[in-house]
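For reference, target.txt is printed below; it contains compact mmCIF, C-alpha atoms.
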```
# COMPACT_ATOMS: atom_id res chain seq x y z
CA MET A 1 -40.65 -19.92 -10.07
CA GLU A 2 -36.94 -20.58 -9.59
CA PRO A 3 -34.81 -17.51 -8.87
CA TRP A 4 -31.85 -17.03 -11.17
CA SER A 5 -28.50 -15.52 -10.38
CA ILE A 6 -27.24 -13.39 -13.27
CA ASN A 7 -23.60 -12.37 -13.69
CA LEU A 8 -22.52 -9.79 -16.25
CA ILE A 9 -18.99 -8.51 -16.81
CA ALA A 10 -18.22 -5.90 -19.45
CA THR A 11 -15.48 -3.51 -20.42
CA VAL A 12 -16.60 0.10 -20.70
CA ASP A 13 -15.05 3.06 -22.50
CA ARG A 14 -13.59 4.59 -19.32
CA PRO A 15 -13.14 3.60 -15.67
CA VAL A 16 -16.15 3.79 -13.36
CA PRO A 17 -15.07 5.33 -10.02
CA ARG A 18 -15.60 2.84 -7.19
CA GLU A 19 -17.58 5.39 -5.20
CA GLN A 20 -20.16 5.53 -8.03
CA ALA A 21 -20.42 1.77 -8.54
CA PHE A 22 -23.07 1.01 -5.90
CA ALA A 23 -25.45 3.72 -7.15
CA LEU A 24 -24.97 2.46 -10.69
CA GLY A 25 -25.71 -1.11 -9.54
CA ARG A 26 -28.94 0.03 -7.89
CA GLN A 27 -29.96 1.80 -11.09
CA ILE A 28 -29.34 -1.39 -13.07
CA ALA A 29 -30.79 -4.04 -10.74
CA GLY A 30 -32.78 -2.24 -8.07
CA GLU A 31 -33.53 -4.49 -5.09
CA GLN A 32 -32.26 -7.54 -7.00
CA LEU A 33 -28.66 -6.28 -6.76
CA LEU A 34 -26.33 -8.77 -5.06
CA ALA A 35 -22.93 -7.30 -5.95
CA ILE A 36 -21.36 -4.69 -8.21
CA GLY A 37 -17.70 -4.26 -8.98
CA ALA A 38 -15.76 -1.61 -10.87
CA HIS A 39 -12.11 -2.26 -11.58
CA GLU A 40 -10.35 0.00 -14.04
CA ALA A 41 -12.50 -0.25 -17.20
CA ASP A 42 -14.30 -3.46 -16.16
CA VAL A 43 -17.74 -3.44 -14.56
CA SER A 44 -19.29 -6.58 -13.09
CA ILE A 45 -22.71 -7.08 -11.59
CA THR A 46 -24.46 -9.99 -9.92
CA MET A 47 -28.21 -9.82 -9.51
CA THR A 48 -31.22 -12.07 -9.10
CA SER A 49 -34.25 -12.46 -11.34
CA THR A 50 -37.49 -14.37 -10.99
CA THR A 51 -38.28 -14.23 -14.71
CA PRO A 52 -39.39 -17.79 -15.57
CA ASP A 53 -37.17 -18.24 -18.64
CA PRO A 54 -33.42 -17.95 -17.95
CA ILE A 55 -32.73 -16.61 -21.47
CA ASP A 56 -35.33 -13.87 -20.99
CA ALA A 57 -33.83 -13.09 -17.56
CA LEU A 58 -30.37 -12.69 -19.09
CA ALA A 59 -31.64 -10.55 -21.97
CA GLU A 60 -33.56 -8.29 -19.57
CA ALA A 61 -30.53 -7.91 -17.27
CA ARG A 62 -28.21 -7.19 -20.20
CA ARG A 63 -30.60 -4.55 -21.58
CA ALA A 64 -30.85 -2.81 -18.19
CA PHE A 65 -27.06 -2.98 -17.82
CA VAL A 66 -26.40 -1.31 -21.18
CA GLU A 67 -29.21 1.28 -20.80
CA GLN A 68 -28.22 2.38 -17.30
CA LEU A 69 -24.53 2.58 -18.18
CA ALA A 70 -25.44 4.70 -21.22
CA ALA A 71 -27.66 6.93 -19.08
CA SER A 72 -24.63 7.49 -16.83
CA GLY A 73 -22.37 8.32 -19.78
CA TYR A 74 -20.59 4.96 -20.28
CA SER A 75 -20.48 2.71 -23.32
CA VAL A 76 -19.96 -1.05 -23.29
CA THR A 77 -16.99 -1.81 -25.55
CA ALA A 78 -16.73 -5.57 -24.91
CA TRP A 79 -18.49 -8.36 -23.08
CA ASP A 80 -16.32 -10.55 -20.86
CA ALA A 81 -19.05 -12.76 -19.36
CA ALA A 82 -22.81 -13.17 -19.26
CA GLU A 83 -24.34 -16.10 -17.42
CA VAL A 84 -27.50 -17.23 -15.70
CA LEU A 85 -27.13 -19.70 -12.84
CA SER A 86 -29.70 -21.76 -10.99
CA TYR A 87 -29.70 -21.85 -7.20
CA ALA A 88 -28.24 -25.38 -7.36
CA GLU A 89 -25.35 -24.23 -9.58
CA VAL A 90 -24.56 -21.27 -7.32
CA GLU A 91 -24.47 -23.64 -4.33
CA ARG A 92 -22.26 -26.12 -6.21
CA ARG A 93 -19.79 -23.39 -7.16
CA LEU A 94 -19.67 -22.01 -3.64
CA SER A 95 -19.06 -25.43 -2.14
CA THR A 96 -16.12 -26.13 -4.47
CA ALA A 97 -14.56 -22.67 -4.46
CA ALA A 98 -11.11 -22.16 -3.01
CA THR A 99 -9.54 -18.85 -2.11
CA PRO A 100 -6.17 -18.43 -3.79
CA PRO A 101 -3.19 -17.56 -1.57
CA MET A 102 -3.05 -13.82 -0.92
CA VAL A 103 -0.57 -11.43 0.70
CA SER A 104 -1.09 -8.23 2.64
CA ALA A 105 0.86 -5.04 1.97
CA GLY A 106 3.29 -6.00 4.75
CA GLU A 107 3.91 -9.45 3.28
CA PHE A 108 4.27 -7.94 -0.20
CA ALA A 109 6.85 -5.48 1.16
CA GLU A 110 8.81 -8.38 2.70
CA LEU A 111 8.83 -10.24 -0.62
CA CYS A 112 10.26 -7.16 -2.33
CA GLY A 113 12.61 -6.17 0.49
CA VAL A 114 11.04 -2.71 0.77
CA THR A 115 8.77 -0.77 3.14
CA VAL A 116 4.99 -0.99 3.23
CA LYS A 117 4.93 2.71 2.39
CA TRP A 118 6.67 1.94 -0.92
CA ILE A 119 4.05 -0.71 -1.76
CA TYR A 120 1.24 1.81 -1.22
CA LYS A 121 3.17 4.42 -3.27
CA LEU A 122 3.32 1.96 -6.18
CA GLU A 123 -0.38 1.18 -5.77
CA LYS A 124 -1.23 4.91 -6.03
CA GLU A 125 0.93 5.14 -9.17
CA ARG A 126 -0.87 2.10 -10.62
CA GLN A 127 -4.26 3.64 -9.87
CA ALA A 128 -3.26 6.93 -11.52
CA ALA A 129 -1.96 5.09 -14.58
CA ALA A 130 -5.19 3.06 -14.80
CA ALA A 131 -7.29 6.23 -14.56
CA ASP A 132 -5.30 7.59 -17.53
CA GLY A 133 -5.76 4.33 -19.43
CA GLN A 134 -2.09 3.43 -19.11
CA ALA A 135 -0.53 0.12 -18.12
CA HIS A 136 1.60 -0.15 -14.98
CA PRO A 137 3.76 -3.13 -13.95
CA PHE A 138 2.52 -3.15 -10.34
CA PRO A 139 -0.16 -5.83 -9.82
CA THR A 140 -3.74 -4.85 -9.12
CA PRO A 141 -4.95 -5.80 -5.63
CA VAL A 142 -7.87 -8.21 -5.35
CA VAL A 143 -9.30 -5.97 -2.64
CA PRO A 144 -7.59 -2.88 -1.22
CA GLY A 145 -4.45 -3.96 0.62
CA TYR A 146 -4.38 -7.61 -0.57
CA TRP A 147 -2.76 -9.09 -3.68
CA LEU A 148 -2.60 -12.56 -5.18
CA LYS A 149 0.53 -14.16 -3.78
CA SER A 150 1.60 -15.37 -7.23
CA ALA A 151 1.34 -11.84 -8.67
CA ALA A 152 3.30 -10.39 -5.75
CA GLU A 153 6.02 -13.04 -6.09
CA HIS A 154 6.28 -12.42 -9.83
CA PHE A 155 6.56 -8.67 -9.27
CA ALA A 156 9.20 -9.17 -6.57
CA ARG A 157 11.28 -11.36 -8.92
CA SER A 158 10.96 -9.14 -11.98
CA ARG A 159 10.93 -5.62 -10.56
CA LYS A 160 13.61 -3.10 -11.47
CA ARG A 161 15.94 -2.76 -8.48
CA LYS A 162 18.17 0.20 -9.33
CA PRO A 163 17.29 3.73 -10.41
CA GLY A 164 18.10 4.84 -13.93
CA PRO A 165 17.84 3.01 -17.22
CA ALA A 166 17.80 -0.75 -17.35
CA PRO A 167 21.19 -2.40 -17.92
CA ARG A 168 22.09 -3.21 -21.52
CA GLN A 169 21.57 -6.76 -22.59
CA GLY A 170 24.59 -8.55 -24.05
CA GLY A 171 27.10 -6.90 -21.68
CA GLY A 172 30.59 -5.75 -22.50
CA ALA A 173 31.90 -2.44 -23.84
CA ARG A 174 31.86 -1.59 -27.51
```

Using structure tokens, write down the structure from this file.
Amino acid sequence: MEPWSINLIATVDRPVPREQAFALGRQIAGEQLLAIGAHEADVSITMTSTTPDPIDALAEARRAFVEQLAASGYSVTAWDAAEVLSYAEVERRLSTAATPPMVSAGEFAELCGVTVKWIYKLEKERQAAAADGQAHPFPTPVVPGYWLKSAAEHFARSRKRKPGPAPRQGGGAR
């Protein structure tokens, strides 16, 4: 029997706190849990299955995912991905994967011409906004303390630099 790797990503009705994610993953997949992620209102899980039919394995994983989230008070509002991969496909993907360029908080601060403290202040503001279901212009880190370099560069170029309202477009007095 070939083991399958199952990946599910769904949006839920409210954010799952990161400190609850591992317990939730264990409830969903038990010992077959490989990884669980909770980012704002998205929940992702990677697990294994030895069910002979890959379609049955996916259906079983999806059912457990929805049931355990519901038992914990969450509702799936949208599916972002659901896939079953063979061992050969997992190996192929790993061998061709490339890590995108990333920056640390210090490098991000240099790009913006600010202090590291200010970067972490913005990250806390972004987290608070996300918990309230609000958007925030500060990019989300890939892992705590590290951002995609392209997102950091975009933020550094487009960020508001002076306090107060944004300057009027069109210039000139009326």

- Find the residue from A:Tyr74, A:Trp147, A:Phe65, A:Phe22 that sits nearest to Tyr120 (chain A); use only C-alpha atoms when measuring.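 Of A:Tyr74, A:Trp147, A:Phe65, A:Phe22, the one nearest Tyr120 (chain A) is A:Trp147, counting only C-alpha atoms.
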
- Message: Can you pull out the residues contacting Ile55 (chain A)? Cut-off 10 Å, using all atoms listed in the file, and skip same-chain residues under 4 positions away; I want them as a list of chain:residue names.
- Response: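 The neighbour list is A:Thr51, A:Ala59, A:Glu60, A:Ala61, A:Glu83, A:Val84.
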
- Message: Could you tell me how far CA of Val90 (chain A) sits from CA of Pro144 (chain A), in Å to one decimal place?
- Response: 25.8 Å

- Looking at all atoms listed in the file, which of A:Ala129, A:Ala135, A:Leu148, A:Val143 is the one that sits closest to Ala38 (chain A)?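 Going through A:Ala129, A:Ala135, A:Leu148, A:Val143 one by one, the smallest distance to Ala38 (chain A) is for A:Val143.
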
- Task: Give me, please, the distance in Å between CA of Glu125 (chain A) and CA of Phe138 (chain A), quoted to one decimal.
- Result: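 Computing it gives 8.5 Å between the two atoms.
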
- Note on the structure: If you count only C-alpha atoms, the residue of A:Thr96, A:Ala23, A:Thr77, A:Thr140 closest to Arg126 (chain A) turns out to be A:Thr140

- Message: So the first atom is CA of Ala78 (chain A) and the second is CA of Ala10 (chain A); what is the distance between them in Å, to one decimal place?
- Response: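 Between these atoms lies a distance of 5.7 Å.
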
- Which is closer to Leu58 (chain A) than all the others in A:Glu40, A:Ala29, A:Ala82, A:Trp118, using only C-alpha atoms?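 Nearest candidate to Leu58 (chain A) out of A:Glu40, A:Ala29, A:Ala82, A:Trp118: A:Ala82.
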
- Query: Which one of A:Val142, A:Leu69, A:Ile6, A:Ala35 sits closest to Ser49 (chain A) if you count all atoms listed in the file?
  - Reply: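 Closest to Ser49 (chain A), using all atoms listed in the file: A:Ile6.
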
Mind working out the centre and edge lengths of an axis-aligned box for region 11-15 of chain A, all listed atoms inside, 6 Å added to each side, rounded to one decimal in Å and written as AutoDock Vina command-line options?
```
--center_x -14.9 --center_y 0.5 --center_z -19.1 --size_x 15.5 --size_y 20.1 --size_z 18.8
```

- Query: Any idea what's packed within 6 Å of Ser44 (chain A), counting all atoms listed in the file, ignoring anything in its chain fewer than 4 positions away? Could you give it as number ranges by chain?
  - Reply: A: 8-9, 36-37

Resulting file, chosen residues, C-alpha atoms, as a short mmCIF file (atom, residue, chain, number, x, y, z; two decimals), in the frame of the given file:
```
data_model
loop_
_atom_site.label_atom_id
_atom_site.label_comp_id
_atom_site.auth_asym_id
_atom_site.auth_seq_id
_atom_site.Cartn_x
_atom_site.Cartn_y
_atom_site.Cartn_z
CA LEU A 8 -22.52 -9.79 -16.25
CA ILE A 9 -18.99 -8.51 -16.81
CA ILE A 36 -21.36 -4.69 -8.21
CA GLY A 37 -17.70 -4.26 -8.98
#
```

- Item | A:Gln134, A:Arg93, A:Lys149, A:Arg63 ranked by distance to Ala109 (chain A), top pick (using all atoms listed in the file) | A:Lys149
